[in-house]
>>> print(open('work.json').read())   # JSON, C-alpha atoms
[["chain", "number", "residue", "atom", "x", "y", "z"],
["A", 1, "MET", "CA", 63.21, -62.64, 22.75],
["A", 2, "CYS", "CA", 60.33, -63.85, 24.89],
["A", 3, "LEU", "CA", 59.56, -62.42, 28.30],
["A", 4, "ALA", "CA", 57.47, -64.71, 30.46],
["A", 5, "ILE", "CA", 56.76, -64.10, 34.15],
["A", 6, "PRO", "CA", 55.80, -66.62, 36.85],
["A", 7, "GLY", "CA", 52.52, -66.07, 38.67],
["A", 8, "GLN", "CA", 50.36, -68.03, 41.10],
["A", 9, "ILE", "CA", 46.90, -69.19, 40.04],
["A", 10, "VAL", "CA", 44.32, -67.82, 42.52],
["A", 11, "SER", "CA", 41.12, -68.86, 40.75],
["A", 12, "ILE", "CA", 39.94, -70.73, 37.66],
["A", 13, "ASP", "CA", 36.80, -70.04, 35.60],
["A", 14, "THR", "CA", 35.54, -72.72, 33.22],
["A", 15, "SER", "CA", 32.09, -71.20, 32.63],
["A", 16, "GLY", "CA", 32.99, -69.57, 29.30],
["A", 17, "THR", "CA", 34.32, -70.81, 25.99],
["A", 18, "LEU", "CA", 37.95, -70.67, 27.21],
["A", 19, "ARG", "CA", 39.41, -71.86, 30.50],
["A", 20, "MET", "CA", 40.53, -68.65, 32.21],
["A", 21, "GLY", "CA", 42.25, -67.90, 35.50],
["A", 22, "ARG", "CA", 43.13, -65.06, 37.79],
["A", 23, "VAL", "CA", 46.86, -64.97, 38.48],
["A", 24, "ASP", "CA", 48.78, -63.14, 41.20],
["A", 25, "PHE", "CA", 52.00, -61.50, 40.00],
["A", 26, "GLY", "CA", 53.40, -60.24, 43.31],
["A", 27, "GLY", "CA", 50.16, -58.50, 44.30],
["A", 28, "VAL", "CA", 49.00, -57.59, 40.80],
["A", 29, "ILE", "CA", 46.08, -59.80, 39.75],
["A", 30, "GLN", "CA", 45.50, -60.37, 36.03],
["A", 31, "GLU", "CA", 43.12, -62.59, 34.10],
["A", 32, "ILE", "CA", 44.93, -65.02, 31.80],
["A", 33, "CYS", "CA", 44.06, -67.87, 29.46],
["A", 34, "LEU", "CA", 44.75, -71.39, 30.78],
["A", 35, "GLU", "CA", 43.87, -73.31, 27.61],
["A", 36, "TYR", "CA", 47.49, -74.37, 26.96],
["A", 37, "THR", "CA", 47.94, -75.72, 30.51],
["A", 38, "PRO", "CA", 44.98, -77.97, 31.36],
["A", 39, "GLU", "CA", 46.92, -79.50, 34.29],
["A", 40, "ILE", "CA", 47.10, -76.16, 36.15],
["A", 41, "ALA", "CA", 45.15, -75.94, 39.43],
["A", 42, "VAL", "CA", 44.53, -73.18, 41.99],
["A", 43, "GLY", "CA", 47.72, -72.62, 43.99],
["A", 44, "ASP", "CA", 50.04, -73.74, 41.17],
["A", 45, "TYR", "CA", 52.57, -71.45, 39.55],
["A", 46, "ALA", "CA", 52.68, -70.89, 35.81],
["A", 47, "ILE", "CA", 54.94, -69.11, 33.37],
["A", 48, "VAL", "CA", 52.75, -66.49, 31.64],
["A", 49, "HIS", "CA", 53.48, -64.81, 28.32],
["A", 50, "VAL", "CA", 51.18, -62.16, 26.80],
["A", 51, "GLY", "CA", 48.15, -63.34, 28.75],
["A", 52, "PHE", "CA", 48.62, -67.10, 28.26],
["A", 53, "ALA", "CA", 49.91, -69.64, 30.77],
["A", 54, "ILE", "CA", 52.48, -71.58, 28.76],
["A", 55, "ALA", "CA", 53.93, -73.95, 31.38],
["A", 56, "LYS", "CA", 53.39, -75.12, 34.94],
["A", 57, "LEU", "CA", 56.23, -74.49, 37.41],
["A", 58, "ASP", "CA", 57.02, -76.25, 40.65],
["A", 59, "LEU", "CA", 57.29, -74.04, 43.73],
["A", 60, "ASP", "CA", 61.09, -74.23, 43.95],
["A", 61, "ARG", "CA", 61.59, -73.15, 40.34],
["A", 62, "ALA", "CA", 59.01, -70.35, 40.68],
["A", 63, "ASN", "CA", 60.76, -69.02, 43.79],
["A", 64, "GLU", "CA", 64.14, -69.21, 42.04],
["A", 65, "ILE", "CA", 62.88, -67.17, 39.08],
["A", 66, "LEU", "CA", 61.12, -64.63, 41.31],
["A", 67, "ALA", "CA", 64.29, -64.17, 43.39],
["A", 68, "THR", "CA", 66.29, -63.55, 40.21],
["A", 69, "ILE", "CA", 63.74, -60.98, 39.02],
["A", 70, "ASP", "CA", 63.97, -59.23, 42.42],
["A", 71, "GLN", "CA", 67.74, -58.79, 41.89],
["A", 72, "LEU", "CA", 67.32, -56.96, 38.57],
["A", 73, "PRO", "CA", 68.20, -53.25, 38.72],
["A", 74, "LEU", "CA", 65.31, -50.88, 38.11],
["A", 75, "GLY", "CA", 65.59, -47.79, 36.04]]
>>> encode(input="work.json", output="structure tokens")
Amino acid sequence: MCLAIPGQIVSIDTSGTLRMGRVDFGGVIQEICLEYTPEIAVGDYAIVHVGFAIAKLDLDRANEILATIDQLPLG
């Protein structure tokens, strides 16, 4: 089973060998690889799995997924 989480792209760095980005996951910022999603821009949402953006999401779909995650019981 794959667990992928939506996050919002807050910055993109193309200065290195790989296209990387900083992504906001509800206040937690992580650096991820954007090589598989060249169409991603700052402000877009992406599905991220193990440090790689694997698909771009539209805002409605991202909000739907995030709302579902918020309903999951903790513990």
>>> residues_near_point(input="work.json", point="(39.9, -78.0, 32.2)", cutoff="10 Å", atoms="all atoms listed in the file", output="list of chain:residue names")
A:Ile12, A:Asp13, A:Thr14, A:Leu18, A:Arg19, A:Met20, A:Leu34, A:Glu35, A:Tyr36, A:Thr37, A:Pro38, A:Glu39, A:Ile40, A:Ala41
>>> residues_around(input="work.json", residues="stretch 43-59 of chain A", least_positions_apart="3", cutoff="10 Å", atoms="only C-alpha atoms", output="MDAnalysis selection string")
chainID A and resid 2:11 20:21 23:25 30:40 62:65
>>> atom_distance(input="work.json", atom1="atom CA of A:Ile69", atom2="atom CA of A:Gly26")
11.2 Å
>>> decode(input="work.json", residues="stretch 33-49 of chain A", atoms="N, CA and C atoms", output="tab-separated table (two decimals), in the first residue's frame")
chain	number	residue	atom	x	y	z
A	33	CYS	N	11.70	16.22	-4.07
A	33	CYS	CA	12.15	16.19	-5.45
A	33	CYS	C	10.95	16.43	-6.37
A	34	LEU	N	11.14	17.31	-7.35
A	34	LEU	CA	10.07	17.65	-8.30
A	34	LEU	C	10.35	17.12	-9.71
A	35	GLU	N	11.35	16.27	-9.85
A	35	GLU	CA	11.75	15.78	-11.17
A	35	GLU	C	10.62	15.08	-11.93
A	36	TYR	N	9.73	14.39	-11.23
A	36	TYR	CA	8.66	13.64	-11.90
A	36	TYR	C	7.47	14.52	-12.28
A	37	THR	N	7.47	15.78	-11.83
A	37	THR	CA	6.35	16.69	-12.07
A	37	THR	C	6.86	18.03	-12.58
A	38	PRO	N	7.38	18.07	-13.81
A	38	PRO	CA	7.95	19.32	-14.33
A	38	PRO	C	6.93	20.45	-14.49
A	39	GLU	N	5.63	20.11	-14.51
A	39	GLU	CA	4.59	21.13	-14.67
A	39	GLU	C	4.27	21.87	-13.37
A	40	ILE	N	4.75	21.38	-12.24
A	40	ILE	CA	4.46	21.97	-10.93
A	40	ILE	C	5.07	23.36	-10.82
A	41	ALA	N	4.29	24.29	-10.25
A	41	ALA	CA	4.74	25.66	-10.01
A	41	ALA	C	4.47	26.03	-8.55
A	42	VAL	N	5.08	27.10	-8.09
A	42	VAL	CA	4.84	27.60	-6.73
A	42	VAL	C	3.35	27.89	-6.58
A	43	GLY	N	2.78	27.43	-5.47
A	43	GLY	CA	1.35	27.60	-5.19
A	43	GLY	C	0.52	26.39	-5.54
A	44	ASP	N	1.04	25.52	-6.42
A	44	ASP	CA	0.33	24.29	-6.79
A	44	ASP	C	0.37	23.29	-5.64
A	45	TYR	N	-0.55	22.34	-5.70
A	45	TYR	CA	-0.55	21.21	-4.78
A	45	TYR	C	-0.05	19.98	-5.50
A	46	ALA	N	0.65	19.13	-4.78
A	46	ALA	CA	1.15	17.88	-5.33
A	46	ALA	C	0.91	16.76	-4.35
A	47	ILE	N	0.76	15.56	-4.89
A	47	ILE	CA	0.75	14.35	-4.07
A	47	ILE	C	2.22	13.95	-3.91
A	48	VAL	N	2.66	13.75	-2.67
A	48	VAL	CA	4.07	13.46	-2.38
A	48	VAL	C	4.18	12.09	-1.71
A	49	HIS	N	5.08	11.28	-2.23
A	49	HIS	CA	5.34	9.96	-1.67
A	49	HIS	C	6.84	9.80	-1.50
